[in-house]
Structure formats: structure tokens, C-alpha cells
file data_23.cif (mmCIF, C-alpha atoms)
data_start
#
loop_
_atom_site.group_PDB
_atom_site.id
_atom_site.type_symbol
_atom_site.label_atom_id
_atom_site.label_comp_id
_atom_site.auth_asym_id
_atom_site.auth_seq_id
_atom_site.Cartn_x
_atom_site.Cartn_y
_atom_site.Cartn_z
ATOM 1 C CA MET A 903 -19.814 15.472 -26.812
ATOM 2 C CA ALA A 904 -23.160 15.120 -25.113
ATOM 3 C CA THR A 905 -25.108 11.874 -24.982
ATOM 4 C CA ARG A 906 -28.564 11.171 -23.629
ATOM 5 C CA PRO A 907 -30.756 8.138 -23.132
ATOM 6 C CA ALA A 908 -32.543 7.213 -26.344
ATOM 7 C CA VAL A 909 -36.315 7.663 -26.454
ATOM 8 C CA LEU A 910 -38.922 6.026 -28.655
ATOM 9 C CA ALA A 911 -39.010 9.094 -30.894
ATOM 10 C CA ASP A 912 -35.363 8.279 -31.840
ATOM 11 C CA VAL A 913 -36.127 4.839 -33.301
ATOM 12 C CA ASP A 914 -36.415 5.908 -36.949
ATOM 13 C CA ALA A 915 -33.239 8.002 -36.740
ATOM 14 C CA ILE A 916 -31.353 5.130 -35.079
ATOM 15 C CA ARG A 917 -32.436 2.772 -37.858
ATOM 16 C CA ARG A 918 -31.271 5.273 -40.512
ATOM 17 C CA ILE A 919 -27.915 5.694 -38.764
ATOM 18 C CA GLY A 920 -27.438 1.926 -38.515
ATOM 19 C CA ALA A 921 -28.178 1.418 -42.210
ATOM 20 C CA ALA A 922 -25.941 4.288 -43.343
ATOM 21 C CA ALA A 923 -23.044 3.267 -41.104
ATOM 22 C CA GLY A 924 -23.331 -0.329 -42.296
ATOM 23 C CA ARG A 925 -23.001 0.699 -45.930
ATOM 24 C CA ARG A 926 -19.392 1.652 -45.164
ATOM 25 C CA PHE A 927 -18.492 -2.037 -45.187
ATOM 26 C CA ALA A 928 -18.985 -2.084 -48.980
ATOM 27 C CA SER A 929 -15.550 -0.439 -49.293
ATOM 28 C CA VAL A 930 -13.734 -3.301 -47.516
ATOM 29 C CA ASP A 931 -11.739 -5.622 -49.808
ATOM 30 C CA ASP A 932 -12.767 -8.791 -47.978
ATOM 31 C CA PRO A 933 -16.043 -10.050 -49.530
ATOM 32 C CA ARG A 934 -17.045 -11.656 -46.189
ATOM 33 C CA ILE A 935 -17.146 -8.150 -44.762
ATOM 34 C CA ALA A 936 -18.291 -6.205 -47.824
ATOM 35 C CA GLU A 937 -21.435 -8.333 -48.080
ATOM 36 C CA ARG A 938 -22.525 -6.995 -44.657
ATOM 37 C CA ALA A 939 -23.031 -3.521 -46.172
ATOM 38 C CA ASP A 940 -26.625 -4.309 -47.072
ATOM 39 C CA ASP A 941 -27.616 -5.863 -43.746
ATOM 40 C CA ASP A 942 -30.860 -4.542 -42.343
ATOM 41 C CA PRO A 943 -30.613 -2.298 -39.293
ATOM 42 C CA PHE A 944 -32.182 -3.417 -36.021
ATOM 43 C CA ASP A 945 -35.935 -3.577 -36.254
ATOM 44 C CA ALA A 946 -38.007 -1.071 -34.311
ATOM 45 C CA GLU A 947 -39.147 -3.656 -31.760
ATOM 46 C CA ASP A 948 -35.571 -4.588 -30.820
ATOM 47 C CA LEU A 949 -34.717 -0.922 -30.419
ATOM 48 C CA ARG A 950 -37.796 -0.364 -28.251
ATOM 49 C CA ARG A 951 -36.632 -3.212 -26.009
ATOM 50 C CA TRP A 952 -33.241 -1.574 -25.445
ATOM 51 C CA ILE A 953 -34.807 1.846 -24.919
ATOM 52 C CA ASP A 954 -37.377 0.514 -22.438
ATOM 53 C CA ALA A 955 -34.591 -1.279 -20.525
ATOM 54 C CA GLY A 956 -32.527 1.931 -20.297
ATOM 55 C CA ARG A 957 -29.704 0.457 -22.351
ATOM 56 C CA ALA A 958 -29.701 2.742 -25.408
ATOM 57 C CA TRP A 959 -28.084 6.157 -25.828
ATOM 58 C CA VAL A 960 -27.785 8.688 -28.621
ATOM 59 C CA SER A 961 -25.354 11.515 -29.254
ATOM 60 C CA GLY A 962 -25.694 14.818 -31.036
ATOM 61 C CA ASP A 963 -28.629 17.084 -31.586
ATOM 62 C CA ASP A 964 -32.057 16.275 -32.942
ATOM 63 C CA PRO A 965 -31.941 14.110 -34.974
ATOM 64 C CA PRO A 966 -29.189 12.091 -33.293
ATOM 65 C CA ALA A 967 -25.791 11.643 -34.946
ATOM 66 C CA GLY A 968 -25.023 8.269 -33.392
ATOM 67 C CA PHE A 969 -26.277 5.567 -31.061
ATOM 68 C CA VAL A 970 -25.213 2.660 -28.882
ATOM 69 C CA VAL A 971 -27.309 -0.258 -27.613
ATOM 70 C CA VAL A 972 -26.150 -2.535 -24.803
ATOM 71 C CA ASP A 973 -27.057 -6.012 -23.547
ATOM 72 C CA VAL A 974 -25.860 -7.773 -20.414
ATOM 73 C CA VAL A 975 -23.635 -10.729 -21.311
ATOM 74 C CA ASP A 976 -21.644 -12.672 -18.708
ATOM 75 C CA ARG A 977 -22.442 -9.906 -16.199
ATOM 76 C CA CYS A 978 -20.720 -7.356 -18.452
ATOM 77 C CA ALA A 979 -22.180 -4.523 -20.510
ATOM 78 C CA HIS A 980 -22.034 -5.878 -24.062
ATOM 79 C CA ILE A 981 -22.208 -3.390 -26.906
ATOM 80 C CA GLU A 982 -24.553 -4.842 -29.477
ATOM 81 C CA GLU A 983 -23.926 -1.928 -31.812
ATOM 82 C CA VAL A 984 -22.406 1.506 -31.767
ATOM 83 C CA SER A 985 -22.798 3.499 -34.975
ATOM 84 C CA VAL A 986 -22.357 7.075 -36.118
ATOM 85 C CA ALA A 987 -23.896 8.577 -39.236
ATOM 86 C CA PRO A 988 -21.136 8.903 -41.855
ATOM 87 C CA GLU A 989 -21.535 12.680 -42.083
ATOM 88 C CA HIS A 990 -20.823 12.963 -38.332
ATOM 89 C CA GLU A 991 -17.811 10.639 -38.093
ATOM 90 C CA GLY A 992 -14.604 11.943 -36.583
ATOM 91 C CA ARG A 993 -16.307 14.385 -34.220
ATOM 92 C CA GLY A 994 -16.225 12.343 -31.011
ATOM 93 C CA HIS A 995 -19.676 10.778 -31.140
ATOM 94 C CA GLY A 996 -18.419 7.189 -31.075
ATOM 95 C CA GLY A 997 -16.122 7.788 -28.117
ATOM 96 C CA ALA A 998 -18.858 9.594 -26.197
ATOM 97 C CA LEU A 999 -21.243 6.696 -26.798
ATOM 98 C CA LEU A 1000 -18.658 4.159 -25.627
ATOM 99 C CA ASP A 1001 -18.163 6.291 -22.519
ATOM 100 C CA ALA A 1002 -21.935 6.385 -21.896
ATOM 101 C CA ALA A 1003 -22.049 2.577 -22.000
ATOM 102 C CA THR A 1004 -19.038 2.386 -19.677
ATOM 103 C CA THR A 1005 -20.566 4.845 -17.213
ATOM 104 C CA TRP A 1006 -23.771 2.792 -17.160
ATOM 105 C CA ALA A 1007 -21.795 -0.441 -16.638
ATOM 106 C CA ARG A 1008 -19.918 1.089 -13.709
ATOM 107 C CA ALA A 1009 -23.158 2.295 -12.121
ATOM 108 C CA GLU A 1010 -24.602 -1.211 -12.509
ATOM 109 C CA GLY A 1011 -21.591 -2.778 -10.762
ATOM 110 C CA MET A 1012 -20.218 -4.487 -13.848
ATOM 111 C CA HIS A 1013 -16.487 -4.971 -14.278
ATOM 112 C CA ALA A 1014 -16.192 -4.584 -18.050
ATOM 113 C CA VAL A 1015 -17.703 -3.529 -21.360
ATOM 114 C CA THR A 1016 -17.399 -6.109 -24.139
ATOM 115 C CA LEU A 1017 -18.063 -6.191 -27.865
ATOM 116 C CA THR A 1018 -17.384 -8.262 -30.947
ATOM 117 C CA THR A 1019 -16.014 -6.649 -34.070
ATOM 118 C CA PHE A 1020 -14.052 -7.205 -37.269
ATOM 119 C CA ALA A 1021 -10.361 -7.787 -36.561
ATOM 120 C CA ASP A 1022 -8.935 -6.072 -39.634
ATOM 121 C CA VAL A 1023 -11.262 -3.172 -40.407
ATOM 122 C CA GLU A 1024 -9.671 0.182 -39.550
ATOM 123 C CA TRP A 1025 -12.755 1.659 -37.944
ATOM 124 C CA ASN A 1026 -13.364 -1.487 -35.887
ATOM 125 C CA ARG A 1027 -10.655 -3.223 -33.824
ATOM 126 C CA PRO A 1028 -7.983 -0.493 -34.118
ATOM 127 C CA TYR A 1029 -10.577 2.156 -33.220
ATOM 128 C CA TYR A 1030 -11.589 0.280 -30.077
ATOM 129 C CA GLU A 1031 -7.973 -0.386 -29.121
ATOM 130 C CA ARG A 1032 -7.300 3.362 -29.203
ATOM 131 C CA ARG A 1033 -10.186 3.709 -26.736
ATOM 132 C CA GLY A 1034 -8.841 1.245 -24.205
ATOM 133 C CA PHE A 1035 -10.366 -2.024 -25.404
ATOM 134 C CA ARG A 1036 -8.197 -5.117 -25.722
ATOM 135 C CA VAL A 1037 -8.679 -8.371 -27.596
ATOM 136 C CA LEU A 1038 -9.740 -11.209 -25.313
ATOM 137 C CA GLY A 1039 -7.980 -14.550 -25.377
ATOM 138 C CA ARG A 1040 -10.115 -17.657 -25.814
ATOM 139 C CA ASP A 1041 -9.814 -18.485 -22.118
ATOM 140 C CA GLU A 1042 -11.174 -15.035 -21.187
ATOM 141 C CA ILE A 1043 -14.426 -15.399 -23.099
ATOM 142 C CA GLY A 1044 -17.391 -16.284 -20.897
ATOM 143 C CA PRO A 1045 -20.065 -18.811 -21.874
ATOM 144 C CA GLU A 1046 -22.696 -16.248 -22.911
ATOM 145 C CA LEU A 1047 -20.222 -14.317 -25.061
ATOM 146 C CA ALA A 1048 -19.035 -17.589 -26.606
ATOM 147 C CA GLU A 1049 -22.661 -18.315 -27.531
ATOM 148 C CA ARG A 1050 -22.971 -14.837 -29.103
ATOM 149 C CA ILE A 1051 -19.916 -15.559 -31.242
ATOM 150 C CA ALA A 1052 -21.349 -18.918 -32.305
ATOM 151 C CA THR A 1053 -24.657 -17.253 -33.191
ATOM 152 C CA GLU A 1054 -22.873 -14.558 -35.220
ATOM 153 C CA ASP A 1055 -20.958 -17.310 -37.044
ATOM 154 C CA ARG A 1056 -24.191 -19.167 -37.857
ATOM 155 C CA ASP A 1057 -25.647 -15.874 -39.103
ATOM 156 C CA GLY A 1058 -22.758 -15.400 -41.558
ATOM 157 C CA LEU A 1059 -20.291 -13.354 -39.503
ATOM 158 C CA ASP A 1060 -17.279 -15.639 -39.928
ATOM 159 C CA ARG A 1061 -15.642 -15.992 -36.501
ATOM 160 C CA ALA A 1062 -12.240 -16.245 -38.220
ATOM 161 C CA ILE A 1063 -12.360 -12.524 -39.028
ATOM 162 C CA ARG A 1064 -13.907 -11.377 -35.726
ATOM 163 C CA VAL A 1065 -12.503 -10.609 -32.283
ATOM 164 C CA CYS A 1066 -13.997 -10.214 -28.835
ATOM 165 C CA MET A 1067 -12.817 -7.139 -27.009
ATOM 166 C CA SER A 1068 -13.137 -5.804 -23.469
ATOM 167 C CA ARG A 1069 -12.561 -2.567 -21.602
ATOM 168 C CA SER A 1070 -12.467 -2.475 -17.812
ATOM 169 C CA VAL A 1071 -14.794 -0.086 -16.083
#
call {"tool": "encode", "arguments": {"input": "data_23.cif", "output": "C-alpha cells"}}
result
Amino acid sequence: MATRPAVLADVDAIRRIGAAAGRRFASVDDPRIAERADDDPFDAEDLRRWIDAGRAWVSGDDPPAGFVVVDVVDRCAHIEEVSVAPEHEGRGHGGALLDAATTWARAEGMHAVTLTTFADVEWNRPYYERRGFRVLGRDEIGPELAERIATEDRDGLDRAIRVCMSRSV
């Protein structure tokens, strides 16, 4: 599956993908997760920031089928979001996007790729575990990632149902 750096012309497609992928959470039995289905996608300005910094990739043809955006947190590549349009799921887009982020992290001299995700949603933690990510213990979480988790918790993403994960590069 081919990936490429995202460009400004991809912003609207990325926002549509993020919204559509998020709607999947409506099917989860846990109301703390299901309520996230209507969350707004990243705004265009945030996406422009990632694109301008060279930390956003898309997969698929035009329009893209999926995207990933990455921050630097505790000197690791931190996946802020990876999403695939529902009609393109199961075709390797997500794995290719994770690999693009990992390749970038390696080139930047980072030792790991991190992310936060729901612990008990099939297409979250178990998906990442199949792709070489592991759940971090509390003592493995750096100060910047700990602050991200606290911010997520304040924003309504209950830390009790979330995990931090890492994959070595």
C-alpha cells in the first residue's frame, strides 16, 4: 500500500475521513466511547500545521483513503490520529500509515512511536498489538505523554478506558 506526504489539497478529504472513521464508535456498547462518535474532526488549521511540519501522510489514490498525523512527544513520534475511511478498511491502509510514521521516526533518530487509544475496542488496542505495539506501564510513560493523557481525561476521554502504547523503531 502506497503512502505519500499529505499536501494542503488533502485537508478536506482528511477531515471527511476523520469524521467518518469516528462515527464507528457509535457501535461500541460503552457510552463513554460511543459518545465520541460525533466528535469534530481536526480543524483545517491543525491539519495545515502537521502538513507544513512534514508530519502528515495519506494512503490510497486521490482522494486519500486514510491519513496519519504525528507529533513529537518525549522525543518519540506520537500518533495523534490514524484513520481510514470505513469503505477502505481492511485493505492495509492503516498498517501502511503506521509504517510511514515509523519510517519517519527512524529517520529522525527517534527510538519509538507512541499513541493513546481505547483499551477494549477491537479496532484500537488489539489492532495495534497485532502491528507490534505494546501497552506501556505507568513507569514507562514520559512526562509529556503523561500530560497528553491528563489533557485527554480533562477533555472527556476517561483515562480508565485508555492505554498508552509504543512500538520500537
call {"tool": "residues_near_point", "arguments": {"input": "data_23.cif", "point": "(-16.9, -10.6, -45.6)", "cutoff": "12 Å", "atoms": "all atoms listed in the file", "output": "count of residues only"}}
result
27
call {"tool": "residues_around", "arguments": {"input": "data_23.cif", "residues": "Trp1025 in chain A", "least_positions_apart": "5", "cutoff": "12 Å", "atoms": "all atoms listed in the file", "output": "PyMOL selection string"}}
result
chain A and resi 923-924+926-927+929-930+984-986+988+991-992+996+1019-1020+1030-1033
call {"tool": "resolve_selection", "arguments": {"input": "data_23.cif", "expression": "the PyMOL selection byres ((chain A and resi 972) around 12)", "output": "ChimeraX atom specification"}}
result
/A:907-908,948-949,951-960,969-971,973-975,977-984,999-1000,1002-1007,1015-1017
call {"tool": "axis_aligned_box", "arguments": {"input": "data_23.cif", "around": "range 942-945 of chain A", "padding_each_side": "4 Å", "output": "AutoDock Vina command-line options"}}
result
--center_x -33.3 --center_y -3.4 --center_z -39.2 --size_x 13.3 --size_y 10.2 --size_z 14.3
call {"tool": "atom_distance", "arguments": {"input": "data_23.cif", "atom1": "CA of Ala904 in chain A", "atom2": "CA of Tyr1029 in chain A"}}
result
19.8 Å
call {"tool": "resolve_selection", "arguments": {"input": "data_23.cif", "expression": "the PyMOL selection byres ((chain A and resi 1037-1048) around 6)", "output": "list in words"}}
result
Val975, Asp976, Arg1036, Glu1049, Arg1050, Ile1051, Cys1066 and Met1067 of chain A
call {"tool": "atom_distance", "arguments": {"input": "data_23.cif", "atom1": "CA of Val1065 in chain A", "atom2": "CA of Glu1024 in chain A"}}
result
13.3 Å
call {"tool": "atom_distance", "arguments": {"input": "data_23.cif", "atom1": "CA of Phe1035 in chain A", "atom2": "CA of Gly997 in chain A"}}
result
11.7 Å
call {"tool": "closest_residue", "arguments": {"input": "data_23.cif", "among": "A:Asp963, A:Glu989, A:Asp1001, A:Glu1054", "to": "Thr1018 in chain A", "atoms": "only C-alpha atoms"}}
result
A:Glu1054
call {"tool": "build_atoms", "arguments": {"input": "data_23.cif", "residues": "range 944-965 of chain A", "atoms": "N, CA and C atoms", "output": "PDB file, keeping the file's coordinate frame"}}
result
ATOM      1  N   PHE A 944     -31.302  -2.826 -37.017  1.00  0.00           N
ATOM      2  CA  PHE A 944     -32.182  -3.417 -36.021  1.00  0.00           C
ATOM      3  C   PHE A 944     -33.616  -3.028 -36.312  1.00  0.00           C
ATOM      4  N   ASP A 945     -34.537  -3.936 -36.060  1.00  0.00           N
ATOM      5  CA  ASP A 945     -35.935  -3.577 -36.254  1.00  0.00           C
ATOM      6  C   ASP A 945     -36.401  -2.716 -35.077  1.00  0.00           C
ATOM      7  N   ALA A 946     -37.494  -2.026 -35.294  1.00  0.00           N
ATOM      8  CA  ALA A 946     -38.007  -1.071 -34.311  1.00  0.00           C
ATOM      9  C   ALA A 946     -38.313  -1.743 -32.977  1.00  0.00           C
ATOM     10  N   GLU A 947     -38.804  -2.967 -33.008  1.00  0.00           N
ATOM     11  CA  GLU A 947     -39.147  -3.656 -31.760  1.00  0.00           C
ATOM     12  C   GLU A 947     -37.912  -3.944 -30.920  1.00  0.00           C
ATOM     13  N   ASP A 948     -36.823  -4.380 -31.564  1.00  0.00           N
ATOM     14  CA  ASP A 948     -35.571  -4.588 -30.820  1.00  0.00           C
ATOM     15  C   ASP A 948     -35.099  -3.292 -30.192  1.00  0.00           C
ATOM     16  N   LEU A 949     -35.153  -2.219 -30.956  1.00  0.00           N
ATOM     17  CA  LEU A 949     -34.717  -0.922 -30.419  1.00  0.00           C
ATOM     18  C   LEU A 949     -35.602  -0.485 -29.261  1.00  0.00           C
ATOM     19  N   ARG A 950     -36.889  -0.702 -29.365  1.00  0.00           N
ATOM     20  CA  ARG A 950     -37.796  -0.364 -28.251  1.00  0.00           C
ATOM     21  C   ARG A 950     -37.425  -1.139 -26.985  1.00  0.00           C
ATOM     22  N   ARG A 951     -37.029  -2.387 -27.150  1.00  0.00           N
ATOM     23  CA  ARG A 951     -36.632  -3.212 -26.009  1.00  0.00           C
ATOM     24  C   ARG A 951     -35.424  -2.599 -25.301  1.00  0.00           C
ATOM     25  N   TRP A 952     -34.417  -2.200 -26.059  1.00  0.00           N
ATOM     26  CA  TRP A 952     -33.241  -1.574 -25.445  1.00  0.00           C
ATOM     27  C   TRP A 952     -33.588  -0.236 -24.794  1.00  0.00           C
ATOM     28  N   ILE A 953     -34.410   0.545 -25.467  1.00  0.00           N
ATOM     29  CA  ILE A 953     -34.807   1.846 -24.919  1.00  0.00           C
ATOM     30  C   ILE A 953     -35.586   1.655 -23.627  1.00  0.00           C
ATOM     31  N   ASP A 954     -36.571   0.771 -23.640  1.00  0.00           N
ATOM     32  CA  ASP A 954     -37.377   0.514 -22.438  1.00  0.00           C
ATOM     33  C   ASP A 954     -36.534   0.004 -21.271  1.00  0.00           C
ATOM     34  N   ALA A 955     -35.467  -0.737 -21.568  1.00  0.00           N
ATOM     35  CA  ALA A 955     -34.591  -1.279 -20.525  1.00  0.00           C
ATOM     36  C   ALA A 955     -33.561  -0.260 -20.046  1.00  0.00           C
ATOM     37  N   GLY A 956     -33.507   0.918 -20.689  1.00  0.00           N
ATOM     38  CA  GLY A 956     -32.527   1.931 -20.297  1.00  0.00           C
ATOM     39  C   GLY A 956     -31.120   1.607 -20.751  1.00  0.00           C
ATOM     40  N   ARG A 957     -31.013   0.858 -21.849  1.00  0.00           N
ATOM     41  CA  ARG A 957     -29.704   0.457 -22.351  1.00  0.00           C
ATOM     42  C   ARG A 957     -29.471   0.919 -23.790  1.00  0.00           C
ATOM     43  N   ALA A 958     -29.915   2.144 -24.087  1.00  0.00           N
ATOM     44  CA  ALA A 958     -29.701   2.742 -25.408  1.00  0.00           C
ATOM     45  C   ALA A 958     -29.441   4.228 -25.221  1.00  0.00           C
ATOM     46  N   TRP A 959     -28.435   4.738 -25.917  1.00  0.00           N
ATOM     47  CA  TRP A 959     -28.084   6.157 -25.828  1.00  0.00           C
ATOM     48  C   TRP A 959     -27.863   6.696 -27.224  1.00  0.00           C
ATOM     49  N   VAL A 960     -28.062   7.990 -27.365  1.00  0.00           N
ATOM     50  CA  VAL A 960     -27.785   8.688 -28.621  1.00  0.00           C
ATOM     51  C   VAL A 960     -26.864   9.863 -28.330  1.00  0.00           C
ATOM     52  N   SER A 961     -26.202  10.328 -29.363  1.00  0.00           N
ATOM     53  CA  SER A 961     -25.354  11.515 -29.254  1.00  0.00           C
ATOM     54  C   SER A 961     -25.769  12.519 -30.309  1.00  0.00           C
ATOM     55  N   GLY A 962     -25.397  13.764 -30.075  1.00  0.00           N
ATOM     56  CA  GLY A 962     -25.694  14.818 -31.036  1.00  0.00           C
ATOM     57  C   GLY A 962     -27.044  15.446 -30.796  1.00  0.00           C
ATOM     58  N   ASP A 963     -27.379  16.338 -31.698  1.00  0.00           N
ATOM     59  CA  ASP A 963     -28.629  17.084 -31.586  1.00  0.00           C
ATOM     60  C   ASP A 963     -29.789  16.253 -32.105  1.00  0.00           C
ATOM     61  N   ASP A 964     -30.872  16.932 -32.416  1.00  0.00           N
ATOM     62  CA  ASP A 964     -32.057  16.275 -32.942  1.00  0.00           C
ATOM     63  C   ASP A 964     -32.113  16.524 -34.445  1.00  0.00           C
ATOM     64  N   PRO A 965     -31.992  15.534 -35.289  1.00  0.00           N
ATOM     65  CA  PRO A 965     -31.941  14.110 -34.974  1.00  0.00           C
ATOM     66  C   PRO A 965     -30.554  13.704 -34.479  1.00  0.00           C
TER      67      PRO A 965
END
